[in-house]
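The next block is entry_10.txt, given as compact mmCIF, C-alpha atoms.
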```txt
# COMPACT_ATOMS: atom_id res chain seq x y z
CA MET A 7 -4.16 -16.58 23.97
CA ASP A 8 -4.96 -20.25 23.39
CA LYS A 9 -4.63 -20.88 27.13
CA VAL A 10 -7.27 -18.26 27.87
CA LEU A 11 -9.56 -19.67 25.19
CA THR A 12 -9.08 -23.18 26.60
CA LEU A 13 -10.06 -22.04 30.07
CA ARG A 14 -13.13 -20.27 28.71
CA GLY A 15 -14.34 -22.88 26.23
CA GLY A 16 -12.01 -25.86 25.82
CA PRO A 17 -10.61 -27.29 22.59
CA GLU A 18 -13.75 -26.43 20.63
CA LEU A 19 -13.31 -22.69 21.26
CA VAL A 20 -9.65 -22.92 20.22
CA ALA A 21 -10.72 -24.63 17.00
CA PHE A 22 -13.49 -22.12 16.23
CA TRP A 23 -11.15 -19.19 16.77
CA ALA A 24 -8.53 -20.75 14.49
CA GLN A 25 -11.18 -21.23 11.81
CA LEU A 26 -12.28 -17.60 12.02
CA GLY A 27 -8.64 -16.53 11.93
CA SER A 28 -8.15 -18.42 8.68
CA VAL A 29 -11.13 -16.61 7.16
CA VAL A 30 -9.57 -13.27 8.13
CA GLU A 31 -6.27 -14.43 6.64
CA LEU A 32 -7.99 -15.62 3.46
CA VAL A 33 -9.48 -12.20 2.71
CA ALA A 34 -6.47 -10.18 3.84
CA GLY A 35 -3.94 -12.55 2.31
CA VAL A 36 -5.01 -12.01 -1.30
CA ALA A 37 -3.71 -8.46 -0.88
CA LEU A 38 -0.93 -8.87 1.67
CA ALA A 39 0.74 -11.92 0.10
CA GLY A 40 1.03 -10.06 -3.20
CA VAL A 41 0.72 -6.29 -3.03
CA GLY A 42 1.95 -6.42 0.57
CA THR A 43 5.17 -7.89 -0.78
CA GLY A 44 5.38 -5.29 -3.51
CA ILE A 45 5.11 -2.32 -1.19
CA SER A 46 8.07 -3.55 0.87
CA VAL A 47 10.22 -3.95 -2.22
CA LEU A 48 9.24 -0.65 -3.87
CA VAL A 49 9.52 1.40 -0.68
CA ALA A 50 12.96 -0.07 -0.05
CA GLN A 51 13.99 1.03 -3.54
CA ALA A 52 12.34 4.46 -3.38
CA GLY A 53 14.51 7.36 -2.29
CA GLY A 54 12.17 10.21 -1.38
CA MET A 55 9.51 10.25 1.34
CA ASP A 56 6.92 11.66 -1.06
CA ARG A 57 7.38 8.72 -3.41
CA GLN A 58 7.22 6.25 -0.54
CA ARG A 59 3.94 7.73 0.65
CA GLY A 60 2.60 7.60 -2.89
CA ILE A 61 3.44 3.88 -3.03
CA LEU A 62 1.63 3.40 0.29
CA ARG A 63 -1.49 5.15 -0.99
CA GLU A 64 -1.47 3.11 -4.20
CA SER A 65 -0.92 -0.15 -2.30
CA LEU A 66 -3.87 0.62 -0.01
CA ARG A 67 -6.11 1.40 -2.97
CA LEU A 68 -5.05 -1.70 -4.89
CA GLY A 69 -5.05 -3.97 -1.82
CA LEU A 70 -8.58 -2.99 -0.82
CA ALA A 71 -9.75 -3.35 -4.43
CA VAL A 72 -8.40 -6.91 -4.50
CA SER A 73 -9.67 -7.99 -1.07
CA ALA A 74 -13.15 -6.41 -1.24
CA PRO A 75 -14.56 -8.84 -3.86
CA VAL A 76 -13.17 -11.79 -1.89
CA MET A 77 -14.77 -10.39 1.26
CA LEU A 78 -18.14 -10.09 -0.46
CA ALA A 79 -17.91 -13.61 -1.92
CA VAL A 80 -16.99 -15.19 1.44
CA ALA A 81 -19.66 -13.22 3.30
CA ALA A 82 -22.34 -14.16 0.76
CA ALA A 83 -21.33 -17.83 0.84
CA SER A 84 -21.32 -17.88 4.64
CA LEU A 85 -24.83 -16.49 4.85
CA ALA A 86 -26.20 -18.61 2.01
CA PHE A 87 -24.48 -21.91 2.89
CA PRO A 88 -23.33 -21.72 6.53
CA GLU A 89 -23.51 -25.49 6.99
CA HIS A 90 -21.01 -26.05 4.17
CA LEU A 91 -18.52 -23.22 4.67
CA ALA A 92 -17.95 -23.60 8.42
CA PRO A 93 -20.13 -26.15 10.20
CA GLY A 94 -20.61 -25.25 13.85
CA LEU A 95 -20.13 -21.52 13.36
CA PRO A 96 -22.96 -19.04 12.74
CA GLY A 97 -22.91 -17.54 9.28
CA PHE A 98 -22.78 -13.99 10.62
CA LEU A 99 -19.46 -14.73 12.36
CA ILE A 100 -17.92 -15.90 9.09
CA ALA A 101 -19.24 -12.77 7.38
CA LEU A 102 -17.81 -10.65 10.20
CA ALA A 103 -14.43 -12.35 9.83
CA ALA A 104 -14.49 -11.65 6.09
CA ALA A 105 -15.19 -7.96 6.72
CA VAL A 106 -12.41 -7.79 9.30
CA GLY A 107 -10.05 -9.42 6.81
CA CYS A 108 -10.67 -6.55 4.42
CA ILE A 109 -10.06 -4.02 7.22
CA ALA A 110 -6.84 -5.84 8.18
CA VAL A 111 -5.39 -4.94 4.78
CA VAL A 112 -4.78 -1.41 6.11
CA PRO A 113 -2.47 -2.28 9.05
CA GLY A 114 -0.98 -5.05 6.92
CA MET A 115 0.03 -2.58 4.20
CA LEU A 116 1.33 -0.19 6.84
CA ASN A 117 3.44 -3.03 8.21
CA GLY A 118 4.85 -3.68 4.73
CA TYR A 119 5.54 0.05 4.33
CA TRP A 120 7.52 0.10 7.58
CA LEU A 121 9.36 -3.05 6.56
CA GLY A 122 10.51 -1.33 3.37
CA GLN A 123 11.77 1.55 5.52
CA GLN A 124 13.39 -0.93 7.96
CA ARG A 125 11.27 0.58 10.78
CA ARG A 126 11.23 -2.60 12.85
CA ASP A 127 10.47 -0.59 16.00
CA LEU A 128 7.10 0.46 14.58
CA MET A 129 6.43 -3.06 13.31
CA LEU A 130 7.12 -4.47 16.77
CA ALA A 131 4.90 -1.85 18.42
CA LEU A 132 2.03 -2.72 16.07
CA ALA A 133 2.45 -6.45 16.78
CA ILE A 134 2.59 -5.98 20.55
CA GLY A 135 -0.35 -3.58 20.56
CA SER A 136 -2.49 -5.92 18.44
CA ALA A 137 -1.65 -8.91 20.65
CA ALA A 138 -2.44 -6.94 23.81
CA VAL A 139 -5.83 -5.85 22.49
CA GLN A 140 -6.75 -9.42 21.50
CA LEU A 141 -5.65 -10.83 24.85
CA ALA A 142 -7.69 -8.19 26.68
CA ALA A 143 -10.73 -9.14 24.60
CA ALA A 144 -10.20 -12.84 25.33
CA LEU A 145 -10.08 -12.10 29.06
CA ALA A 146 -12.87 -9.55 29.35
CA ALA A 147 -15.44 -10.13 26.60
CA PRO A 148 -18.75 -11.71 27.66
CA GLN A 149 -18.89 -15.40 26.77
CA ARG A 150 -21.79 -14.87 24.39
CA TYR A 151 -19.85 -12.31 22.36
CA LEU A 152 -16.35 -13.72 22.81
CA LEU A 153 -15.70 -14.91 19.25
CA ALA A 154 -17.24 -11.78 17.75
CA SER A 155 -15.07 -9.55 19.98
CA LEU A 156 -11.91 -11.45 19.11
CA THR A 157 -12.74 -11.28 15.41
CA LEU A 158 -13.27 -7.52 15.54
CA ASP A 159 -9.99 -7.04 17.38
CA ARG A 160 -8.19 -9.11 14.73
CA GLY A 161 -8.58 -6.15 12.39
CA HIS A 162 -5.83 -4.26 14.25
CA GLY A 163 -3.20 -6.44 12.66
CA GLU A 164 -2.94 -9.47 10.43
CA GLY A 165 -0.03 -11.62 11.62
CA GLU A 166 -0.70 -15.14 10.42
CA GLY A 167 1.01 -14.96 7.05
CA GLU A 168 4.17 -16.66 5.88
CA GLY A 169 6.30 -13.52 5.95
CA ARG A 170 6.85 -13.42 2.19
CA GLU A 171 7.42 -9.66 2.30
CA GLN A 172 10.62 -10.34 4.26
CA VAL A 173 11.58 -12.83 1.56
CA ALA A 174 11.08 -10.28 -1.18
CA LEU A 175 12.91 -7.56 0.73
CA ALA A 176 16.00 -9.74 0.99
CA PHE A 177 16.52 -9.26 -2.76
CA VAL A 178 16.54 -5.49 -2.53
CA SER A 179 19.51 -3.28 -1.75
CA ARG A 180 19.12 0.14 -0.22
CA SER A 181 21.23 1.45 -3.03
CA ALA A 182 19.04 -0.15 -5.69
CA THR A 183 17.75 2.20 -8.34
CA ALA A 184 14.20 2.16 -9.56
CA PRO A 185 12.11 4.31 -11.92
CA VAL A 186 10.65 7.38 -10.25
CA SER A 187 7.46 7.45 -12.30
CA PRO A 188 4.28 7.01 -10.22
CA ASP A 189 2.74 5.21 -13.19
CA ARG A 190 5.65 2.75 -13.15
CA ASP A 191 5.15 2.21 -9.41
CA ARG A 192 1.47 1.41 -10.00
CA SER A 193 2.41 -1.00 -12.79
CA ASN A 194 4.98 -2.72 -10.56
CA LEU A 195 2.47 -3.12 -7.74
CA ARG A 196 -0.07 -4.68 -10.11
CA ARG A 197 2.48 -7.38 -11.01
CA TYR A 198 2.06 -8.74 -7.49
CA VAL A 199 -1.73 -9.15 -7.69
CA LEU A 200 -1.88 -12.56 -9.41
CA PRO A 201 0.79 -14.26 -7.21
CA GLY A 202 -0.94 -12.74 -4.19
CA LEU A 203 -4.28 -14.21 -5.19
CA THR A 204 -2.72 -17.65 -5.59
CA ILE A 205 -0.59 -17.62 -2.45
CA GLY A 206 -3.01 -15.66 -0.30
CA VAL A 207 -5.99 -17.91 -1.02
CA LEU A 208 -4.63 -21.45 -1.08
CA THR A 209 -3.04 -21.88 2.35
CA PRO A 210 -5.78 -20.30 4.52
CA LEU A 211 -8.51 -21.89 2.40
CA GLY A 212 -6.74 -25.23 2.71
CA ALA A 213 -6.61 -24.79 6.49
CA VAL A 214 -10.34 -24.01 6.61
CA VAL A 215 -11.19 -27.08 4.52
CA ALA A 216 -8.85 -29.28 6.59
CA ARG A 217 -10.48 -28.24 9.87
CA ASP A 218 -13.96 -28.72 8.40
CA ALA A 219 -13.00 -32.21 7.19
CA VAL A 220 -11.68 -33.19 10.63
CA SER A 221 -14.75 -31.75 12.36
CA ALA A 222 -17.09 -33.63 10.01
CA ALA A 223 -15.23 -36.93 10.37
CA MET A 224 -14.61 -36.62 14.13
CA SER A 225 -15.54 -33.46 16.05
CA TRP A 226 -14.46 -29.91 16.79
CA HIS A 227 -12.71 -31.26 19.88
CA GLU A 228 -10.27 -33.10 17.62
CA VAL A 229 -9.88 -29.95 15.53
CA GLY A 230 -8.78 -28.18 18.70
CA LEU A 231 -6.21 -30.91 19.34
CA LEU A 232 -4.95 -30.57 15.78
CA GLN A 233 -4.69 -26.81 16.19
CA ALA A 234 -2.67 -27.25 19.39
CA LEU A 235 -0.17 -29.46 17.56
CA TRP A 236 0.19 -26.82 14.84
CA ARG A 237 0.71 -24.07 17.42
CA VAL A 238 3.46 -25.96 19.23
CA SER A 239 5.09 -26.96 15.93
CA ASP A 240 5.15 -23.30 14.90
CA TRP A 241 7.62 -22.56 17.69
CA VAL A 242 10.19 -24.51 15.72
CA GLY A 243 8.95 -23.81 12.21
CA ASN A 244 8.81 -20.02 12.58
CA VAL A 245 12.36 -19.86 13.93
CA ALA A 246 13.66 -22.07 11.12
CA ALA A 247 11.83 -20.02 8.48
CA GLY A 248 13.20 -16.81 9.95
CA VAL A 249 16.78 -18.08 9.82
CA MET A 250 16.30 -19.27 6.23
CA ALA A 251 14.78 -15.97 5.10
CA VAL A 252 16.91 -13.47 6.99
CA HIS A 253 20.33 -15.14 6.97
CA PHE A 254 20.50 -17.70 4.18
CA LEU A 255 18.23 -16.29 1.47
CA PRO A 256 20.50 -13.33 0.65
CA ARG A 257 23.50 -15.68 0.61
CA LEU A 258 21.70 -18.08 -1.72
CA ALA A 259 20.67 -15.22 -4.00
CA ALA A 260 24.27 -13.97 -4.16
CA ALA A 261 25.61 -17.48 -4.82
CA HIS A 262 23.08 -18.39 -7.53
CA GLY A 263 24.85 -19.51 -10.68
CA THR A 264 28.11 -20.28 -8.91
CA PRO A 265 29.53 -23.46 -7.29
CA ARG A 266 28.91 -21.80 -3.90
CA PHE A 267 25.16 -22.29 -4.27
CA ALA A 268 25.20 -26.00 -3.35
CA ALA A 269 27.55 -25.29 -0.45
CA GLU A 270 25.22 -22.60 0.90
CA LEU A 271 22.28 -25.02 0.69
CA LYS A 272 24.22 -27.57 2.74
CA ARG A 273 25.12 -24.95 5.36
CA ALA A 274 21.49 -23.88 5.56
CA ALA A 275 20.36 -27.48 6.03
CA LEU A 276 22.86 -28.03 8.84
CA ALA A 277 21.84 -24.78 10.54
CA THR A 278 18.06 -25.22 10.29
CA ILE A 279 16.89 -28.76 9.57
CA LEU A 280 19.10 -30.60 12.06
CA PRO A 281 18.30 -28.30 15.02
CA SER A 282 14.63 -28.44 14.05
CA ALA A 283 14.74 -32.23 14.12
CA VAL A 284 16.22 -32.19 17.63
CA ALA A 285 13.71 -29.61 18.89
CA LEU A 286 10.70 -31.42 17.42
CA ALA A 287 11.93 -34.75 18.84
CA VAL A 288 12.11 -33.19 22.31
CA ILE A 289 8.63 -31.69 21.94
CA ALA A 290 7.30 -35.04 20.72
CA VAL A 291 8.67 -36.80 23.80
CA LEU A 292 7.28 -34.11 26.13
CA GLN A 293 4.11 -33.33 24.19
CA ARG A 294 1.70 -34.36 26.95
CA PRO A 295 3.09 -32.14 29.74
CA ILE A 296 3.62 -29.31 27.24
CA LEU A 297 0.02 -29.43 26.03
CA PHE A 298 -1.31 -29.79 29.58
CA LEU A 299 0.66 -26.68 30.56
CA LEU A 300 -0.31 -24.60 27.55
CA TYR A 301 -3.91 -25.79 27.40
CA ASP A 302 -5.39 -28.26 29.91
CA GLU A 303 -5.76 -31.99 30.54
CA SER A 304 -8.51 -32.32 27.91
CA PHE A 305 -5.80 -31.96 25.25
CA ARG A 306 -4.86 -35.64 25.17
CA ILE A 307 -3.30 -36.66 21.88
CA PRO A 308 -2.21 -40.24 21.07
CA ASP A 309 1.56 -40.54 20.96
CA ALA A 310 1.51 -42.04 17.46
CA ALA A 311 -0.55 -39.12 16.12
CA ALA A 312 1.76 -36.57 17.75
CA VAL A 313 4.87 -38.26 16.31
CA LEU A 314 3.35 -38.30 12.81
CA PHE A 315 2.39 -34.63 12.98
CA PHE A 316 5.80 -33.56 14.28
CA ALA A 317 7.51 -35.69 11.61
CA GLY A 318 5.34 -34.01 9.00
CA THR A 319 6.31 -30.61 10.40
CA LEU A 320 10.00 -31.54 10.11
CA VAL A 321 9.46 -32.49 6.46
CA ARG A 322 7.55 -29.23 6.00
CA ILE A 323 10.53 -27.28 7.38
CA ALA A 324 12.85 -29.26 5.11
CA SER A 325 10.62 -28.39 2.13
CA TRP A 326 11.16 -24.69 2.81
CA LEU A 327 14.87 -24.89 2.08
CA PRO A 328 14.41 -25.68 -1.63
CA LEU A 329 11.49 -23.23 -1.56
CA TYR A 330 13.85 -20.41 -0.55
CA ALA A 331 16.32 -21.68 -3.12
CA LEU A 332 13.61 -21.16 -5.75
CA TYR A 333 13.07 -17.63 -4.42
CA ALA A 334 16.81 -17.05 -4.76
CA MET A 335 16.65 -18.34 -8.35
CA ARG A 336 13.57 -16.17 -9.02
CA ARG A 337 11.61 -19.20 -10.29
CA THR A 338 8.07 -17.92 -9.67
CA GLY A 339 6.31 -20.63 -11.70
CA PRO A 340 7.30 -23.53 -9.42
CA LEU A 341 6.52 -21.36 -6.39
CA VAL A 342 2.91 -20.96 -7.53
CA VAL A 343 2.51 -24.63 -8.50
CA GLY A 344 4.00 -25.75 -5.21
CA GLU A 345 1.32 -23.86 -3.27
CA PHE A 346 -1.17 -26.49 -4.44
CA LEU A 347 0.97 -29.26 -2.93
CA SER A 348 1.21 -27.99 0.64
CA MET A 349 -1.81 -27.22 2.83
CA PRO A 350 -4.31 -27.61 -0.06
CA LEU A 351 -3.01 -31.12 -0.73
CA PHE A 352 -3.37 -32.02 2.95
CA ALA A 353 -6.96 -30.74 2.90
CA ALA A 354 -7.75 -32.72 -0.26
CA LEU A 355 -6.34 -35.90 1.27
CA LEU A 356 -8.48 -35.41 4.38
CA VAL A 357 -11.63 -34.91 2.30
CA ALA A 358 -10.88 -37.97 0.15
CA TYR A 359 -9.87 -40.25 3.04
CA PRO A 360 -12.35 -43.10 3.60
CA ARG A 361 -14.13 -42.86 6.93
CA PRO A 362 -13.58 -43.34 9.81
CA LEU A 363 -10.82 -40.78 10.20
CA SER A 364 -8.50 -40.76 13.22
CA LEU A 365 -5.85 -38.35 14.45
CA GLU A 366 -3.24 -40.97 13.56
CA ALA A 367 -4.54 -41.10 9.98
CA ALA A 368 -4.62 -37.29 9.80
CA GLY A 369 -1.00 -37.22 10.99
CA ALA A 370 -0.01 -39.70 8.30
CA LEU A 371 -1.73 -37.55 5.65
CA TRP A 372 0.06 -34.44 6.99
CA LEU A 373 3.38 -36.25 6.61
CA ALA A 374 2.49 -37.54 3.14
CA ALA A 375 1.35 -34.13 1.85
CA TYR A 376 4.51 -32.34 2.88
CA ALA A 377 6.71 -35.18 1.68
CA GLY A 378 5.19 -34.62 -1.76
CA TYR A 379 5.69 -30.86 -1.42
CA ALA A 380 9.34 -31.31 -0.44
CA LEU A 381 10.01 -33.69 -3.34
CA PHE A 382 8.43 -31.25 -5.80
CA ASN A 383 10.53 -28.35 -4.50
CA LEU A 384 13.70 -30.44 -4.68
CA TRP A 385 12.86 -31.47 -8.25
CA ALA A 386 12.17 -27.85 -9.21
CA VAL A 387 15.50 -26.70 -7.77
CA ARG A 388 17.42 -29.44 -9.61
CA ARG A 389 15.62 -28.62 -12.85
CA ALA A 390 16.30 -24.90 -12.42
CA SER A 391 19.95 -25.58 -11.65
CA ALA A 392 20.28 -27.69 -14.78
CA SER A 393 18.61 -24.97 -16.89
CA PRO A 394 19.97 -21.66 -15.57
CA SER A 395 18.77 -19.81 -18.62
CA LEU A 396 15.10 -20.52 -17.91
```
Would you kindly transcribe this structure into structure tokens?
Amino acid sequence: MDKVLTLRGGPELVAFWAQLGSVVELVAGVALAGVGTGISVLVAQAGGMDRQRGILRESLRLGLAVSAPVMLAVAAASLAFPEHLAPGLPGFLIALAAAVGCIAVVPGMLNGYWLGQQRRDLMLALAIGSAAVQLAAALAAPQRYLLASLTLDRGHGEGEGEGREQVALAFVSRSATAPVSPDRDRSNLRRYVLPGLTIGVLTPLGAVVARDAVSAAMSWHEVGLLQALWRVSDWVGNVAAGVMAVHFLPRLAAAHGTPRFAAELKRAALATILPSAVALAVIAVLQRPILFLLYDESFRIPDAAAVLFFAGTLVRIASWLPLYALYAMRRTGPLVVGEFLSMPLFAALLVAYPRPLSLEAAGALWLAAYAGYALFNLWAVRRASASPSL
């Protein structure tokens, strides 16, 4: 997808599309990061199909009710203050992305519903179909309407989240029992609204602010380079996060409160952080030919900046291990506080950095932000381990 966008518009088009994608994620994420997690858990616990469908209907109603006000606020802000919300993008495109984010709640909830049923075949079909539609739009849409076409097609599926519904599902057994009252189901879904608002807003909003800060201090060309580094880093980060969530999270949850917990953390570190370090080191060495192949020769990034960004990504991956440990301990308070110390902290550092800003400086801030995030998560795990009754 990024290759096609590069051929049609260069780094600037890649950056603009990433910015619009974050707006879609911002509106959809307030529902999917919270209620979208709840539907997976409750459907996995529910026995009958009628009850599962009732949970789906309630999650759609609640998810749209949560995302609609955010959509209206973003759309109004984009039309009233386009130069502040997303410089370089027309206000109507931001408003369109906000509307699509609200629409994306529907396939997102359906995806969570299938996850609760363990219907990974349907989830895969939705992901492949959505990707195919977007790629077709990137190839065929007229240049004038390219970003609008891509934004509209984004409504078929929202796939940029952190996968927290998989995290929540790991706690749930198929044999788990749950109340059968529809009123209780509605009450349980509402419990996920506040965490969803916190988690769903902060990361995509932080990404939007970070890109705006880089574009204001340098240009949208540099934003495109930054986006390319994030895309390549995600190859490693997404695999590591998947291994942590699918394999190690249930083991950590089962070992919580026993001496095995520390041993499981060490095994997880050896299985995820060390391979990630090797993979990111290889990518850092080969970053120029990799970016030339995936994008084009205009994606020239200074070696020092690339090394700093990849080092920051390694620290980010390392910070997820204590994050999943906190999930296993069910410490929701530190999880919410920590959200402020990840992408939002990076964005704040970029905004506060004295000009001129360079890619090397941005890479150093990326590393610093996630070093702080990792230290906070480690501290929270140690504190929770010392106070198991909290």
Which residues come within 10 Å of Val33 of chain A, counting all atoms listed in the file, excluding same-chain residues fewer than 2 positions away, as a ChimeraX atom specification? /A:28-31,35-38,70,72-80,103-111,203,206-207,210-211
Take atom CA of Leu102 of chain A and atom CA of Trp236 of chain A and report the distance between them in Å, one decimal. 24.6 Å
Close residues, segment 242-251 of chain A itself excluded, 7 Å, only C-alpha atoms, min 6 positions apart in chain, as a PyMOL selection string: chain A and resi 173+274+278+282+285+323
Could you please take those selected residues and save C-alpha atoms as a short mmCIF file (atom, residue, chain, number, x, y, z; two decimals), in the coordinates of the input?
```
data_model
loop_
_atom_site.label_atom_id
_atom_site.label_comp_id
_atom_site.auth_asym_id
_atom_site.auth_seq_id
_atom_site.Cartn_x
_atom_site.Cartn_y
_atom_site.Cartn_z
CA VAL A 173 11.58 -12.83 1.56
CA ALA A 274 21.49 -23.88 5.56
CA THR A 278 18.06 -25.22 10.29
CA SER A 282 14.63 -28.44 14.05
CA ALA A 285 13.71 -29.61 18.89
CA ILE A 323 10.53 -27.28 7.38
#
```
For segment 104-114 of chain A, I'd like the enclosing box, axis-aligned and padded by 4 Å on every side, reported as JSON with centre and edge lengths in Å to one decimal.
```
{"center_x": -8.1, "center_y": -6.5, "center_z": 6.9, "size_x": 22.2, "size_y": 18.2, "size_z": 12.9}
```
Env of segment 81-84 of chain A: 6 Å cut, atoms = only C-alpha atoms, seq-sep filter 5 positions within chain, self excluded. Answer as a list in words.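 Residues meeting the cut-off are Gly97, Ile100 and Ala101 of chain A.
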Select from segment 288-355 of chain A every residue with an atom at most 10 Å from any atom of segment 229-234 of chain A, then for each give the shortest pair of atoms and their distance in Å to one decimal, using only C-alpha atoms, rows by chain and rising number, as JSON lines.
```
{"residue": "A:Leu297", "atom": "CA", "partner": "A:Ala234", "partner_atom": "CA", "distance": 7.5}
{"residue": "A:Leu300", "atom": "CA", "partner": "A:Ala234", "partner_atom": "CA", "distance": 8.9}
{"residue": "A:Tyr301", "atom": "CA", "partner": "A:Ala234", "partner_atom": "CA", "distance": 8.2}
{"residue": "A:Ser304", "atom": "CA", "partner": "A:Leu231", "partner_atom": "CA", "distance": 9.0}
{"residue": "A:Phe305", "atom": "CA", "partner": "A:Leu231", "partner_atom": "CA", "distance": 6.0}
{"residue": "A:Arg306", "atom": "CA", "partner": "A:Leu231", "partner_atom": "CA", "distance": 7.6}
{"residue": "A:Ile307", "atom": "CA", "partner": "A:Leu231", "partner_atom": "CA", "distance": 6.9}
{"residue": "A:Ala311", "atom": "CA", "partner": "A:Leu232", "partner_atom": "CA", "distance": 9.6}
{"residue": "A:Ala312", "atom": "CA", "partner": "A:Leu232", "partner_atom": "CA", "distance": 9.2}
{"residue": "A:Phe315", "atom": "CA", "partner": "A:Leu232", "partner_atom": "CA", "distance": 8.8}
```
